[in-house]
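Take a look at the structure set out below.
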Amino acid sequence: GQNIDQPTEMTATEGAIVQINCTYQTSGFNGLFWYQQHAGEAPTFLSYNVLDGLEEKGRFSSFLSRSKGYSYLLLKELQMKDSASYLCASSGGYQKVTFGTGTKLQVIP
Amino acid sequence: DAGVIQSPRHEVTEMGQEVTLRCKPISGHNSLFWYRQTMMRGLELLIYFNNNVPIDDSGMPEDRFSAKMPNASFSTLKIQPSEPRDSAVYFCASSEVQGAFRETQYFGPGTRLLVL
């Protein structure tokens, strides 16, 4: 089966760093996605981790520990436009991706 | 690229009516997904197709929901009869099965459905 857990809401200050955690229990785990979704819009791809470790992509980084069933998304130098929901999603089989309910991040001045 | 195209963008209907949602995937993508998103349940996978064949429809709520993919460039999700609890945003997404990011899904803008 598939089970994903992430915090419902977070608040952070502009210019700061925020870490959004995600734990998963996924049979036949392949990899872990992070998507960003602004209010009223569709989810857009941020990152995909298959191997353990940290992958950096500009201000955003994503970490995966397969043995612990744990991932996090790290956002640096926060900007107001980063206010959005961040969806953790696990891939547990051929093309089957299960999404968490998302973490709503509010960036305040 | 045009991206994933969905129509209509908004739909308001009355309980009991038939609703048909349409999706055109990105050209060259061979997998297509239908999701439903609500505040309470988040993003739920309803069904997905690979090479026009339904692979997993275990997320389809009940017999009132049906989906088809008659060719590689078109899919429909039909609700008949519709009920107020079907009110949600319905997303279509597509992906290709090649390369390091073979599972990355690209989402359409969604159809906002309200059943009165």
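Convention: chains lettered A, B, ... in structure tokens order; per-chain residue numbering from 1; ligands numbered from 1 as shown.
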Report task. Fewer than 3 positions away in the same chain doesn't count, so skip those; otherwise give me all residues within 12 Å of range 72-79 of chain A, counting only C-alpha atoms, as a ChimeraX atom specification. Result -> /A:5-7,11-24,32-36,46-49,52-66,68-69,82-89,103,105-109
Query - Interface list for chain B, partner chain A, 10 Å threshold, only C-alpha atoms, as a count of residues only - result: 38
Query raised in the report: So which residues touch Glu11 in chain B within 12 Å, counting only C-alpha atoms, skipping near sequence neighbours fewer than 2 positions away, as a list of chain:residue names?
Result: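 So, after excluding close chain neighbours, the residues are B:Gln6, B:Ser7, B:Pro8, B:Arg9, B:Thr13, B:Glu14, B:Gln17, B:Glu18, B:Val19, B:Thr20, B:Leu21, B:Arg22, B:Ser82, B:Asp86, B:Ser87, B:Ala88, B:Val89, B:Tyr90, B:Gly110, B:Thr111, B:Arg112, B:Leu113, B:Leu114, B:Val115, B:Leu116.
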Store the residues picked out above in a file with N, CA and C atoms, as an mmCIF file, in the first residue's frame.
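New file again_1.cif:
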```
data_model
loop_
_atom_site.group_PDB
_atom_site.id
_atom_site.type_symbol
_atom_site.label_atom_id
_atom_site.label_comp_id
_atom_site.auth_asym_id
_atom_site.auth_seq_id
_atom_site.Cartn_x
_atom_site.Cartn_y
_atom_site.Cartn_z
ATOM 1 N N GLN B 6 -7.024 20.734 -21.172
ATOM 2 C CA GLN B 6 -8.253 20.204 -20.602
ATOM 3 C C GLN B 6 -9.428 21.117 -20.942
ATOM 4 N N SER B 7 -10.568 20.490 -21.110
ATOM 5 C CA SER B 7 -11.791 21.272 -21.312
ATOM 6 C C SER B 7 -12.976 20.527 -20.710
ATOM 7 N N PRO B 8 -13.987 21.241 -20.236
ATOM 8 C CA PRO B 8 -13.978 22.692 -20.036
ATOM 9 C C PRO B 8 -13.109 23.082 -18.841
ATOM 10 N N ARG B 9 -12.842 24.346 -18.658
ATOM 11 C CA ARG B 9 -12.078 24.786 -17.491
ATOM 12 C C ARG B 9 -12.979 24.897 -16.261
ATOM 13 N N THR B 13 -23.165 22.186 -12.983
ATOM 14 C CA THR B 13 -24.265 21.361 -13.438
ATOM 15 C C THR B 13 -25.163 21.004 -12.268
ATOM 16 N N GLU B 14 -26.265 20.418 -12.585
ATOM 17 C CA GLU B 14 -27.201 20.021 -11.542
ATOM 18 C C GLU B 14 -27.085 18.531 -11.271
ATOM 19 N N GLN B 17 -27.212 15.140 -13.688
ATOM 20 C CA GLN B 17 -26.795 15.363 -15.060
ATOM 21 C C GLN B 17 -25.500 14.621 -15.371
ATOM 22 N N GLU B 18 -25.287 14.373 -16.660
ATOM 23 C CA GLU B 18 -24.043 13.751 -17.099
ATOM 24 C C GLU B 18 -22.981 14.826 -17.313
ATOM 25 N N VAL B 19 -21.765 14.526 -16.886
ATOM 26 C CA VAL B 19 -20.646 15.449 -17.056
ATOM 27 C C VAL B 19 -19.533 14.728 -17.819
ATOM 28 N N THR B 20 -18.992 15.387 -18.822
ATOM 29 C CA THR B 20 -17.871 14.810 -19.583
ATOM 30 C C THR B 20 -16.706 15.785 -19.571
ATOM 31 N N LEU B 21 -15.580 15.309 -19.058
ATOM 32 C CA LEU B 21 -14.354 16.097 -19.014
ATOM 33 C C LEU B 21 -13.406 15.560 -20.083
ATOM 34 N N ARG B 22 -12.668 16.472 -20.700
ATOM 35 C CA ARG B 22 -11.818 16.083 -21.830
ATOM 36 C C ARG B 22 -10.366 16.454 -21.588
ATOM 37 N N SER B 82 -24.214 12.693 -12.043
ATOM 38 C CA SER B 82 -23.358 13.461 -11.135
ATOM 39 C C SER B 82 -24.069 13.722 -9.803
ATOM 40 N N ASP B 86 -19.326 15.078 -5.953
ATOM 41 C CA ASP B 86 -18.348 14.994 -7.031
ATOM 42 C C ASP B 86 -17.685 16.347 -7.301
ATOM 43 N N SER B 87 -18.167 17.373 -6.666
ATOM 44 C CA SER B 87 -17.591 18.708 -6.850
ATOM 45 C C SER B 87 -16.129 18.704 -6.420
ATOM 46 N N ALA B 88 -15.253 19.108 -7.345
ATOM 47 C CA ALA B 88 -13.809 19.045 -7.103
ATOM 48 C C ALA B 88 -13.110 19.649 -8.309
ATOM 49 N N VAL B 89 -11.789 19.693 -8.238
ATOM 50 C CA VAL B 89 -11.000 20.025 -9.418
ATOM 51 C C VAL B 89 -10.461 18.715 -9.984
ATOM 52 N N TYR B 90 -10.675 18.509 -11.251
ATOM 53 C CA TYR B 90 -10.221 17.287 -11.908
ATOM 54 C C TYR B 90 -9.037 17.641 -12.809
ATOM 55 N N GLY B 110 -6.653 21.830 -15.235
ATOM 56 C CA GLY B 110 -7.736 21.350 -14.392
ATOM 57 C C GLY B 110 -9.112 21.825 -14.854
ATOM 58 N N THR B 111 -10.115 21.031 -14.468
ATOM 59 C CA THR B 111 -11.520 21.397 -14.677
ATOM 60 C C THR B 111 -12.158 21.540 -13.306
ATOM 61 N N ARG B 112 -12.708 22.737 -13.039
ATOM 62 C CA ARG B 112 -13.376 22.976 -11.756
ATOM 63 C C ARG B 112 -14.846 22.632 -11.909
ATOM 64 N N LEU B 113 -15.253 21.552 -11.254
ATOM 65 C CA LEU B 113 -16.611 21.044 -11.386
ATOM 66 C C LEU B 113 -17.406 21.354 -10.126
ATOM 67 N N LEU B 114 -18.578 21.928 -10.336
ATOM 68 C CA LEU B 114 -19.505 22.194 -9.237
ATOM 69 C C LEU B 114 -20.837 21.547 -9.584
ATOM 70 N N VAL B 115 -21.259 20.645 -8.734
ATOM 71 C CA VAL B 115 -22.541 19.965 -8.932
ATOM 72 C C VAL B 115 -23.508 20.467 -7.874
ATOM 73 N N LEU B 116 -24.566 21.084 -8.343
ATOM 74 C CA LEU B 116 -25.535 21.691 -7.410
ATOM 75 C C LEU B 116 -26.638 20.720 -7.015
#
```
Query - All strand (DSSP E or B) positions in range 72-112 of chain B, as a VMD selection string - result: chain B and resid 74 to 79 88 to 95 106 to 107 111 to 112
Query raised in the report: CA of His38 in chain A and CA of Tyr70 in chain A, how far apart in Å?
Result: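 Rounded to one decimal, the two atoms are 24.0 Å apart.
Interatomic distance, CA of Val4 in chain B to CA of Ile4 in chain A: 26.4 Å.
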